[in-house]
file model19.txt (compact mmCIF, C-alpha atoms)
# COMPACT_ATOMS: atom_id res chain seq x y z
CA MET A 14 0.00 0.00 0.00
CA THR A 15 2.86 2.33 0.91
CA HIS A 16 4.41 1.37 -2.36
CA SER A 17 1.35 2.30 -4.39
CA LEU A 18 1.04 5.57 -2.47
CA ARG A 19 4.63 6.37 -3.35
CA THR A 20 3.96 5.53 -6.98
CA ILE A 21 0.97 7.87 -6.99
CA ALA A 22 3.01 10.62 -5.34
CA CYS A 23 5.78 10.19 -7.93
CA ALA A 24 3.28 10.25 -10.79
CA ALA A 25 1.68 13.41 -9.39
CA ALA A 26 5.07 15.09 -8.99
CA LEU A 27 5.99 14.12 -12.53
CA ALA A 28 2.68 15.44 -13.86
CA VAL A 29 3.23 18.78 -12.11
CA ALA A 30 6.79 18.93 -13.46
CA VAL A 31 5.62 18.18 -16.98
CA VAL A 32 2.89 20.81 -16.77
CA GLY A 33 5.36 23.33 -15.40
CA ALA A 34 7.95 22.56 -18.07
CA ALA A 35 5.40 22.77 -20.85
CA ARG A 36 4.20 26.15 -19.65
CA ALA A 37 7.71 27.43 -19.35
CA ASP A 38 8.75 26.74 -22.91
CA ASP A 39 9.87 29.72 -24.83
CA LEU A 40 7.17 30.19 -27.39
CA ALA A 41 5.87 33.40 -28.84
CA THR A 42 2.53 34.43 -27.36
CA TYR A 43 -0.02 36.40 -29.36
CA SER A 44 -2.54 38.30 -27.29
CA ILE A 45 -6.10 38.94 -28.35
CA THR A 46 -8.81 40.70 -26.39
CA LEU A 47 -12.51 40.09 -26.62
CA LYS A 48 -14.87 43.01 -26.05
CA ASN A 49 -18.52 43.36 -27.09
CA HIS A 50 -18.10 39.87 -28.55
CA ARG A 51 -15.46 41.01 -31.02
CA PHE A 52 -11.82 40.05 -31.20
CA THR A 53 -9.07 42.68 -31.28
CA PRO A 54 -6.98 42.18 -33.30
CA ALA A 55 -9.24 40.04 -35.43
CA GLU A 56 -6.26 38.86 -37.42
CA ILE A 57 -2.86 37.78 -36.17
CA HIS A 58 0.16 36.97 -38.29
CA VAL A 59 2.44 34.12 -37.27
CA PRO A 60 5.50 32.51 -38.85
CA THR A 61 4.82 29.22 -40.63
CA GLY A 62 6.10 26.01 -39.07
CA LYS A 63 6.53 27.18 -35.47
CA PRO A 64 4.32 26.36 -32.49
CA PHE A 65 3.01 29.35 -30.51
CA PHE A 66 0.55 30.40 -27.84
CA VAL A 67 -2.58 32.47 -28.32
CA SER A 68 -3.81 34.24 -25.24
CA VAL A 69 -7.38 35.50 -25.25
CA LYS A 70 -8.59 37.97 -22.65
CA ASN A 71 -12.34 38.10 -22.23
CA LEU A 72 -13.39 41.63 -21.26
CA ASP A 73 -17.11 40.87 -21.66
CA ASP A 74 -19.30 39.93 -18.74
CA THR A 75 -20.37 36.63 -20.31
CA ALA A 76 -18.35 33.49 -20.90
CA GLU A 77 -17.00 32.75 -24.35
CA GLU A 78 -15.57 29.65 -25.94
CA PHE A 79 -12.55 30.32 -28.10
CA GLU A 80 -12.76 27.73 -30.84
CA MET A 81 -10.93 26.65 -33.97
CA HIS A 82 -11.73 23.75 -36.27
CA ASN A 83 -8.26 23.49 -37.72
CA PRO A 84 -6.28 22.87 -35.63
CA ALA A 85 -8.95 21.73 -33.16
CA ILE A 86 -9.08 24.12 -30.21
CA GLU A 87 -11.84 24.53 -27.62
CA LYS A 88 -11.28 26.76 -24.64
CA VAL A 89 -13.93 28.21 -22.39
CA ILE A 90 -12.94 31.66 -21.14
CA PRO A 91 -15.01 32.91 -18.20
CA PRO A 92 -15.83 36.63 -18.00
CA GLY A 93 -12.80 38.73 -17.04
CA GLU A 94 -10.45 35.78 -17.45
CA GLU A 95 -7.58 35.11 -19.80
CA GLY A 96 -7.20 31.79 -21.58
CA LYS A 97 -4.02 30.57 -23.22
CA VAL A 98 -3.82 27.79 -25.78
CA ARG A 99 -0.89 26.21 -27.57
CA ILE A 100 -1.21 26.03 -31.34
CA ARG A 101 0.71 23.40 -33.24
CA PRO A 102 3.06 24.45 -36.09
CA LEU A 103 0.90 25.59 -39.01
CA GLY A 104 1.50 25.36 -42.71
CA PRO A 105 1.04 28.52 -44.77
CA GLY A 106 -2.53 29.73 -44.93
CA ARG A 107 -5.42 31.32 -43.13
CA PHE A 108 -6.85 29.57 -40.06
CA SER A 109 -10.07 31.01 -38.73
CA PHE A 110 -11.11 31.15 -35.09
CA PHE A 111 -14.37 32.24 -33.51
CA GLY A 112 -16.24 32.69 -30.27
CA ASP A 113 -18.59 29.76 -30.17
CA PHE A 114 -21.24 31.54 -28.11
CA HIS A 115 -21.35 34.67 -30.27
CA GLN A 116 -20.53 33.55 -33.78
CA ASP A 117 -22.33 36.51 -35.40
CA THR A 118 -19.60 38.90 -34.30
CA ALA A 119 -16.76 36.96 -32.69
CA GLN A 120 -14.75 35.99 -35.75
CA GLY A 121 -11.07 36.16 -36.55
CA ALA A 122 -8.18 34.40 -38.19
CA ILE A 123 -4.56 33.40 -37.77
CA VAL A 124 -2.53 34.06 -40.89
CA SER A 125 0.47 31.79 -41.15
CA GLU A 126 3.14 33.08 -43.54
CA MET B 9 -33.53 32.06 -31.69
CA LEU B 10 -32.03 30.03 -34.49
CA GLY B 11 -28.52 30.52 -33.09
CA ALA B 12 -29.59 29.23 -29.69
CA LEU B 13 -31.40 26.32 -31.29
CA ILE B 14 -28.31 25.34 -33.26
CA ILE B 15 -25.83 25.60 -30.41
CA VAL B 16 -28.00 23.64 -27.98
CA PHE B 17 -28.90 21.08 -30.64
CA ARG B 18 -25.23 20.58 -31.48
CA GLU B 19 -24.20 19.94 -27.89
CA VAL B 20 -27.22 17.77 -27.14
CA ILE B 21 -26.69 15.45 -30.11
CA GLU B 22 -23.14 14.67 -29.01
CA ALA B 23 -24.29 13.59 -25.55
CA GLY B 24 -27.54 12.18 -26.92
CA ILE B 25 -25.88 9.75 -29.33
CA ILE B 26 -23.79 8.35 -26.49
CA VAL B 27 -26.85 8.02 -24.24
CA GLY B 28 -28.72 6.29 -27.10
CA ILE B 29 -25.91 3.77 -27.61
CA VAL B 30 -25.58 3.02 -23.89
CA MET B 31 -29.33 2.49 -23.59
CA ALA B 32 -29.34 0.14 -26.57
CA VAL B 33 -26.37 -1.78 -25.13
CA THR B 34 -28.14 -2.31 -21.82
CA LYS B 35 -31.63 -2.81 -23.17
CA GLY B 36 -33.55 -5.32 -21.07
CA VAL B 37 -31.00 -5.39 -18.26
CA ARG B 38 -32.68 -4.86 -14.91
CA GLY B 39 -31.93 -1.41 -13.57
CA SER B 40 -30.59 -0.09 -16.86
CA ARG B 41 -33.22 2.67 -17.15
CA LEU B 42 -32.43 3.79 -13.64
CA MET B 43 -28.74 3.73 -14.55
CA ALA B 44 -29.26 5.89 -17.63
CA GLY B 45 -31.45 8.29 -15.63
CA ALA B 46 -28.89 8.54 -12.85
CA GLY B 47 -26.14 9.13 -15.42
CA VAL B 48 -28.08 11.95 -17.08
CA ALA B 49 -29.06 13.51 -13.74
CA GLY B 50 -25.49 13.28 -12.46
CA GLY B 51 -24.25 14.74 -15.73
CA VAL B 52 -26.65 17.70 -15.59
CA LEU B 53 -25.65 18.41 -11.98
CA GLY B 54 -21.98 18.07 -12.93
CA ALA B 55 -22.50 20.39 -15.91
CA CYS B 56 -23.96 23.10 -13.67
CA LEU B 57 -21.07 22.72 -11.23
CA VAL B 58 -18.48 22.85 -14.05
CA ALA B 59 -20.16 25.95 -15.47
CA ALA B 60 -20.42 27.60 -12.04
CA PHE B 61 -16.77 26.91 -11.27
CA ALA B 62 -15.50 27.53 -14.81
CA GLY B 63 -13.23 30.30 -13.55
CA VAL B 64 -11.72 28.17 -10.79
CA ILE B 65 -11.13 25.25 -13.16
CA ALA B 66 -9.62 27.53 -15.82
CA ASP B 67 -7.18 29.09 -13.34
CA ALA B 68 -6.04 25.78 -11.85
CA LEU B 69 -2.67 24.19 -12.72
CA ASN B 70 -1.07 27.29 -14.23
CA GLY B 71 -4.01 27.91 -16.53
CA VAL B 72 -4.29 24.43 -18.01
CA GLY B 73 -6.85 23.18 -15.46
CA GLN B 74 -9.65 23.12 -18.02
CA GLU B 75 -7.69 20.99 -20.49
CA ILE B 76 -6.41 18.60 -17.81
CA PHE B 77 -9.93 18.30 -16.40
CA ASN B 78 -11.39 17.53 -19.84
CA ALA B 79 -8.63 15.07 -20.66
CA ALA B 80 -9.09 13.36 -17.27
CA ILE B 81 -12.85 12.88 -17.53
CA LEU B 82 -12.56 11.76 -21.15
CA SER B 83 -9.92 9.23 -20.11
CA LEU B 84 -12.21 8.04 -17.33
CA ALA B 85 -14.96 7.47 -19.90
CA VAL B 86 -12.50 5.60 -22.16
CA CYS B 87 -11.51 3.30 -19.26
CA MET B 88 -15.15 2.64 -18.36
CA LEU B 89 -16.06 1.81 -21.97
CA ALA B 90 -13.01 -0.43 -22.35
CA TRP B 91 -13.75 -2.19 -19.08
CA HIS B 92 -17.38 -2.69 -20.02
CA ASN B 93 -16.47 -4.15 -23.39
CA ILE B 94 -13.89 -6.52 -21.98
CA TRP B 95 -16.30 -7.58 -19.23
CA MET B 96 -19.06 -8.20 -21.77
CA ALA B 97 -16.65 -10.20 -23.92
CA SER B 98 -15.64 -12.38 -20.98
CA HIS B 99 -19.07 -13.23 -19.62
CA GLY B 100 -21.58 -11.03 -21.25
CA ARG B 101 -22.30 -12.97 -24.38
CA GLN B 102 -24.49 -15.54 -22.72
CA LEU B 103 -25.93 -12.84 -20.50
CA ALA B 104 -26.92 -10.87 -23.55
CA ALA B 105 -28.57 -13.91 -25.05
CA GLU B 106 -30.47 -15.52 -22.18
CA ALA B 107 -29.86 -14.40 -18.65
CA ARG B 108 -30.59 -10.77 -19.31
CA LYS B 109 -34.32 -11.07 -18.81
CA LEU B 110 -33.84 -13.19 -15.70
CA GLY B 111 -31.72 -10.52 -14.08
CA GLN B 112 -28.97 -13.04 -13.42
CA ASP B 113 -25.46 -12.19 -12.39
CA VAL B 114 -26.82 -9.05 -10.83
CA ARG B 115 -23.73 -8.10 -8.88
CA SER B 116 -21.23 -8.00 -11.73
CA GLY B 117 -23.96 -6.73 -14.04
CA ALA B 118 -24.55 -3.83 -11.67
CA ARG B 119 -20.87 -2.95 -11.76
CA SER B 120 -20.94 -2.85 -15.55
CA LEU B 121 -24.05 -0.66 -15.41
CA ALA B 122 -22.28 1.72 -13.03
CA ALA B 123 -19.41 2.00 -15.50
CA LEU B 124 -21.84 2.96 -18.25
CA ALA B 125 -23.65 5.40 -15.95
CA ILE B 126 -20.30 7.16 -15.53
CA VAL B 127 -19.90 7.31 -19.33
CA VAL B 128 -23.38 8.86 -19.67
CA ALA B 129 -22.63 11.33 -16.88
CA VAL B 130 -19.32 12.38 -18.47
CA ALA B 131 -20.94 12.88 -21.88
CA VAL B 132 -23.79 14.95 -20.46
CA MET B 133 -21.49 16.92 -18.19
CA ARG B 134 -19.07 17.86 -20.95
CA GLU B 135 -21.65 19.02 -23.45
CA GLY B 136 -24.03 20.32 -20.79
CA SER B 137 -21.52 22.63 -19.16
CA GLU B 138 -21.16 24.52 -22.44
CA VAL B 139 -24.92 24.80 -22.79
CA ALA B 140 -25.11 26.03 -19.18
CA LEU B 141 -22.47 28.71 -19.80
CA PHE B 142 -24.17 29.76 -23.01
CA LEU B 143 -27.63 29.97 -21.41
CA TYR B 144 -26.24 31.80 -18.40
CA GLY B 145 -24.80 34.36 -20.81
CA LEU B 146 -28.22 34.76 -22.42
CA VAL B 147 -29.96 35.26 -19.10
CA ALA B 148 -27.29 37.70 -17.93
CA ALA B 149 -27.63 39.69 -21.14
CA GLY B 150 -31.40 39.95 -20.59
CA GLY B 151 -33.38 42.08 -23.03
CA ALA B 152 -36.41 41.41 -25.16
CA THR B 153 -34.78 38.65 -27.18
CA ALA B 154 -33.96 36.48 -24.17
CA ARG B 155 -37.33 34.75 -24.30
CA ASP B 156 -36.82 33.86 -27.98
CA LEU B 157 -33.42 32.48 -27.18
CA VAL B 158 -34.77 30.32 -24.37
CA ILE B 159 -37.45 28.98 -26.72
CA GLY B 160 -34.74 28.30 -29.28
CA SER B 161 -32.72 26.43 -26.66
CA LEU B 162 -35.70 24.30 -25.69
CA LEU B 163 -36.36 23.46 -29.35
CA GLY B 164 -32.67 22.57 -29.71
CA LEU B 165 -32.94 20.30 -26.69
CA VAL B 166 -36.00 18.54 -28.10
CA ALA B 167 -34.35 18.12 -31.53
CA GLY B 168 -31.19 16.76 -29.89
CA MET B 169 -33.21 14.29 -27.85
CA ALA B 170 -34.93 13.16 -31.05
CA VAL B 171 -31.51 12.27 -32.50
CA SER B 172 -30.80 10.33 -29.31
CA ALA B 173 -34.08 8.45 -29.74
CA VAL B 174 -33.31 7.73 -33.40
CA THR B 175 -29.93 6.25 -32.36
CA TYR B 176 -31.60 4.08 -29.75
CA PHE B 177 -34.48 2.83 -31.89
CA GLY B 178 -32.16 2.34 -34.85
CA LEU B 179 -29.90 0.12 -32.79
CA VAL B 180 -32.61 -1.94 -31.12
CA THR B 181 -34.05 -2.97 -34.48
CA ILE B 182 -30.84 -4.94 -35.01
CA PRO B 183 -31.58 -8.64 -34.34
CA ALA B 184 -30.56 -9.64 -30.79
CA HIS B 185 -27.82 -12.05 -31.85
CA ARG B 186 -26.09 -9.35 -33.89
CA LEU B 187 -26.72 -6.51 -31.46
CA PHE B 188 -23.90 -7.68 -29.19
CA THR B 189 -21.33 -7.60 -31.99
CA VAL B 190 -22.55 -4.26 -33.32
CA THR B 191 -22.63 -2.52 -29.94
CA SER B 192 -19.22 -3.92 -28.96
CA ALA B 193 -17.75 -2.45 -32.12
CA LEU B 194 -19.58 0.86 -31.56
CA ILE B 195 -18.30 1.13 -28.00
CA THR B 196 -14.74 0.35 -29.08
CA PHE B 197 -14.80 3.11 -31.71
CA LEU B 198 -16.54 5.48 -29.32
CA ALA B 199 -13.78 4.89 -26.75
CA ALA B 200 -11.05 5.44 -29.35
CA GLY B 201 -12.70 8.70 -30.42
CA LEU B 202 -12.87 9.97 -26.84
CA ALA B 203 -9.22 9.02 -26.28
CA SER B 204 -8.28 11.04 -29.36
CA GLN B 205 -10.22 14.03 -28.00
CA ALA B 206 -8.40 13.73 -24.68
CA VAL B 207 -5.09 13.91 -26.57
CA SER B 208 -6.29 17.00 -28.40
CA PHE B 209 -6.87 18.76 -25.06
CA LEU B 210 -3.42 17.80 -23.77
CA GLN B 211 -1.85 19.17 -26.96
CA GLN B 212 -3.86 22.37 -26.72
CA ALA B 213 -2.61 22.82 -23.15
CA GLY B 214 0.95 22.32 -24.34
CA VAL B 215 1.33 19.46 -21.84
CA VAL B 216 2.07 17.10 -24.71
CA SER B 217 3.92 18.50 -27.69
CA VAL B 218 5.22 15.40 -29.49
CA LEU B 219 3.73 14.29 -32.81
CA GLY B 220 1.77 17.50 -33.06
CA ASP B 221 1.73 17.78 -36.83
CA THR B 222 -1.45 17.33 -38.83
CA ALA B 223 -1.76 13.69 -39.86
CA TRP B 224 -4.11 14.25 -42.76
CA ASP B 225 -6.62 16.74 -44.10
CA THR B 226 -9.94 15.40 -45.32
CA SER B 227 -11.87 18.60 -44.66
CA ALA B 228 -12.54 18.98 -48.39
CA ILE B 229 -14.22 15.55 -48.48
CA LEU B 230 -16.06 15.54 -45.15
CA SER B 231 -15.85 18.51 -42.84
CA ASP B 232 -16.01 18.16 -39.05
CA THR B 233 -18.50 20.97 -39.05
CA SER B 234 -21.09 19.35 -41.30
CA LEU B 235 -23.91 17.53 -39.53
CA PHE B 236 -22.77 14.16 -40.85
CA GLY B 237 -19.16 14.95 -39.93
CA ARG B 238 -20.29 15.86 -36.45
CA VAL B 239 -22.27 12.66 -36.00
CA LEU B 240 -19.28 10.65 -37.20
CA HIS B 241 -17.08 12.66 -34.85
CA THR B 242 -19.22 11.56 -31.91
CA LEU B 243 -19.72 7.99 -33.09
CA VAL B 244 -16.25 7.00 -34.21
CA GLY B 245 -14.16 10.05 -33.33
CA TYR B 246 -13.87 11.28 -36.90
CA SER B 247 -11.67 14.33 -37.28
CA ASP B 248 -10.86 16.00 -40.59
CA GLN B 249 -7.46 17.25 -39.43
CA PRO B 250 -6.18 15.17 -36.53
CA SER B 251 -2.66 15.42 -35.17
CA VAL B 252 -0.33 12.45 -35.65
CA LEU B 253 -0.51 11.69 -31.91
CA GLN B 254 -4.30 11.66 -32.02
CA ALA B 255 -4.22 9.12 -34.84
CA VAL B 256 -1.67 6.99 -32.96
CA VAL B 257 -3.66 7.03 -29.71
CA TYR B 258 -6.86 6.30 -31.62
CA ALA B 259 -5.33 3.22 -33.25
CA ALA B 260 -3.71 2.10 -29.99
CA THR B 261 -7.02 2.34 -28.11
CA LEU B 262 -8.82 0.33 -30.79
CA ALA B 263 -6.08 -2.30 -30.77
CA THR B 264 -5.95 -2.53 -26.96
CA ILE B 265 -9.70 -2.96 -26.45
CA PHE B 266 -9.98 -5.36 -29.37
CA THR B 267 -7.04 -7.48 -28.18
CA LEU B 268 -8.11 -7.59 -24.52
CA SER B 269 -11.67 -8.51 -25.53
CA LYS B 270 -10.26 -11.41 -27.54
CA VAL B 271 -7.93 -12.49 -24.72
CA PHE B 272 -10.69 -12.48 -22.11
CA ALA B 273 -13.36 -14.02 -24.34
CA PRO B 274 -14.20 -17.59 -23.26
CA ARG B 275 -12.63 -19.89 -25.80
CA ALA B 276 -14.94 -22.61 -27.02
CA VAL B 277 -11.93 -24.49 -28.41
CA ALA B 278 -10.32 -24.87 -25.01
CA ARG B 279 -13.42 -26.45 -23.50
CA ARG B 280 -13.95 -28.99 -26.21
CA PRO B 281 -11.68 -31.76 -24.89
CA GLU B 282 -13.60 -31.91 -21.55
CA SER B 283 -16.95 -32.58 -23.15
CA PRO B 284 -16.46 -34.46 -26.37
CA ALA B 285 -18.81 -32.54 -28.58
CA PRO B 286 -19.33 -33.87 -32.06
CA GLN B 287 -16.79 -32.45 -34.49
CA ARG B 288 -18.06 -30.52 -37.44
CA SER B 289 -19.05 -32.94 -40.16

call {"tool": "encode", "arguments": {"input": "model19.txt", "output": "structure tokens"}}
result
Amino acid sequence: MTHSLRTIACAAALAVAVVGAARADDLATYSITLKNHRFTPAEIHVPTGKPFFVSVKNLDDTAEEFEMHNPAIEKVIPPGEEGKVRIRPLGPGRFSFFGDFHQDTAQGAIVSE
Amino acid sequence: MLGALIIVFREVIEAGIIVGIVMAVTKGVRGSRLMAGAGVAGGVLGACLVAAFAGVIADALNGVGQEIFNAAILSLAVCMLAWHNIWMASHGRQLAAEARKLGQDVRSGARSLAALAIVVAVAVMREGSEVALFLYGLVAAGGATARDLVIGSLLGLVAGMAVSAVTYFGLVTIPAHRLFTVTSALITFLAAGLASQAVSFLQQAGVVSVLGDTAWDTSAILSDTSLFGRVLHTLVGYSDQPSVLQAVVYAATLATIFTLSKVFAPRAVARRPESPAPQRS
């Protein structure tokens, strides 16, 4: 029993370490704000072939889900919060994102070039 | 109103298809209706809690709490589905055929039902929490259109439940002796699809960054966003642009459940020497 407890403790420590390491990696972060269910900037330009983070700050007083179909991203961002997602290296092209709860206005795109 | 209808409908079908499959799998088993009900009720309660504590979950673990939470509950559902399938393969076949109606083997049957109740609860909780957040936003926004939006949501819920019913009634028309094979396969693919989604969350969080490239792009042939693509996404985990790791984990999950089900299946060949049954002519 002690053994299994130790295993669990080790696994937990490892998980925390992995999470910490992943967060610490030196990737470019692109910040977007959401206000009145619109993204600013609505278009961000990133270099092709490099992973990066997109950080979305929700300044509205309702929750939003930052979503992309390609690559698949789904992140709920509560009001007043900031949500950060890692995007895999993209090929050249235009990759649209949107706010799932307010698709009429919350639209934008990542341009990889 | 249409927007609300669509968003609620979309979330409800995903959970509804899973509920429909689980109900078809356990049709006729004593206590299975109660199990499905408890799973849905637990899922709705869980969805409200997840929505209410969305901020706390999002802030946890250096901002990746939401992804880890999603990946964890999806993995739990995968384990429960795998366990159920392997259990059914080992002593469920006869149960499915005869003992079902008699309510035999209640104790181990109940454990299998509990596993499926967890799967139902996870499905409802995941999709439901988004609906809860969306509806809360509507209510908070207020205004004259709020009533329309609530009506739209209710219509979406009804339409989603209709899809769930279609899944269930479609499956139960399959002859009983084939139903076992069909539902086993469905559950295996369902589990693989959920495992692939769990991987997607870990990659989004940046917790896992290996094999992150796009494996293939079939969005021109069948888009994830089309209704059929979405149904396939729920049923078999179809994705039009999965990462390499998602594809690998998908295949590994299929292979693991399939192999373990074979290993644990009672082998008719091994029993033959004990009771000399007539050889095939």

call {"tool": "interface_residues", "arguments": {"input": "model19.txt", "of": "chain B", "to": "chain A", "cutoff": "9 Å", "atoms": "all atoms listed in the file", "output": "PyMOL selection string"}}
result
chain B and resi 11-12+15+62-63+66-67+69-72+74-75+138+141-142+144-146+148-149+208-209+211-217+220-222+232-233+247-251

call {"tool": "atom_distance", "arguments": {"input": "model19.txt", "atom1": "atom CA of B:Ser204", "atom2": "atom CA of B:Tyr258"}}
result
5.4 Å

call {"tool": "atom_distance", "arguments": {"input": "model19.txt", "atom1": "atom CA of A:Val59", "atom2": "atom CA of A:Ser125"}}
result
4.9 Å

call {"tool": "atom_distance", "arguments": {"input": "model19.txt", "atom1": "atom CA of B:Val207", "atom2": "atom CA of B:Phe272"}}
result
27.3 Å

call {"tool": "closest_residue", "arguments": {"input": "model19.txt", "among": "A:Gly121, A:Thr46, A:Glu56, A:Gly106", "to": "A:Asp73", "atoms": "all atoms listed in the file"}}
result
A:Thr46

call {"tool": "residues_near_point", "arguments": {"input": "model19.txt", "point": "(-15.3, 45.5, -25.1)", "cutoff": "6 Å", "atoms": "all atoms listed in the file", "output": "number ranges by chain"}}
result
A: 48-49, 72

call {"tool": "residues_around", "arguments": {"input": "model19.txt", "residues": "B:Leu157", "least_positions_apart": "2", "cutoff": "12 Å", "atoms": "all atoms listed in the file", "output": "MDAnalysis selection string"}}
result
chainID B and resid 9:16 142:147 149:155 159:164

call {"tool": "residues_around", "arguments": {"input": "model19.txt", "residues": "B:Ala129", "least_positions_apart": "2", "cutoff": "9 Å", "atoms": "all atoms listed in the file", "output": "ChimeraX atom specification"}}
result
/B:44,46-52,54,124-127,131-134

call {"tool": "closest_residue", "arguments": {"input": "model19.txt", "among": "B:Val33, B:Ala55, B:Ile65, B:Leu179", "to": "B:Val139", "atoms": "all atoms listed in the file"}}
result
B:Ala55

call {"tool": "residues_near_point", "arguments": {"input": "model19.txt", "point": "(-32.8, 0.7, -30.1)", "cutoff": "10 Å", "atoms": "all atoms listed in the file", "output": "mmCIF file with C-alpha atoms, in the frame of the given file"}}
result
data_model
loop_
_atom_site.group_PDB
_atom_site.id
_atom_site.type_symbol
_atom_site.label_atom_id
_atom_site.label_comp_id
_atom_site.auth_asym_id
_atom_site.auth_seq_id
_atom_site.Cartn_x
_atom_site.Cartn_y
_atom_site.Cartn_z
ATOM 1 C CA GLY B 28 -28.720 6.290 -27.100
ATOM 2 C CA ILE B 29 -25.910 3.770 -27.610
ATOM 3 C CA VAL B 30 -25.580 3.020 -23.890
ATOM 4 C CA MET B 31 -29.330 2.490 -23.590
ATOM 5 C CA ALA B 32 -29.340 0.140 -26.570
ATOM 6 C CA VAL B 33 -26.370 -1.780 -25.130
ATOM 7 C CA THR B 34 -28.140 -2.310 -21.820
ATOM 8 C CA LYS B 35 -31.630 -2.810 -23.170
ATOM 9 C CA SER B 172 -30.800 10.330 -29.310
ATOM 10 C CA ALA B 173 -34.080 8.450 -29.740
ATOM 11 C CA VAL B 174 -33.310 7.730 -33.400
ATOM 12 C CA THR B 175 -29.930 6.250 -32.360
ATOM 13 C CA TYR B 176 -31.600 4.080 -29.750
ATOM 14 C CA PHE B 177 -34.480 2.830 -31.890
ATOM 15 C CA GLY B 178 -32.160 2.340 -34.850
ATOM 16 C CA LEU B 179 -29.900 0.120 -32.790
ATOM 17 C CA VAL B 180 -32.610 -1.940 -31.120
ATOM 18 C CA THR B 181 -34.050 -2.970 -34.480
ATOM 19 C CA ILE B 182 -30.840 -4.940 -35.010
ATOM 20 C CA LEU B 187 -26.720 -6.510 -31.460
#
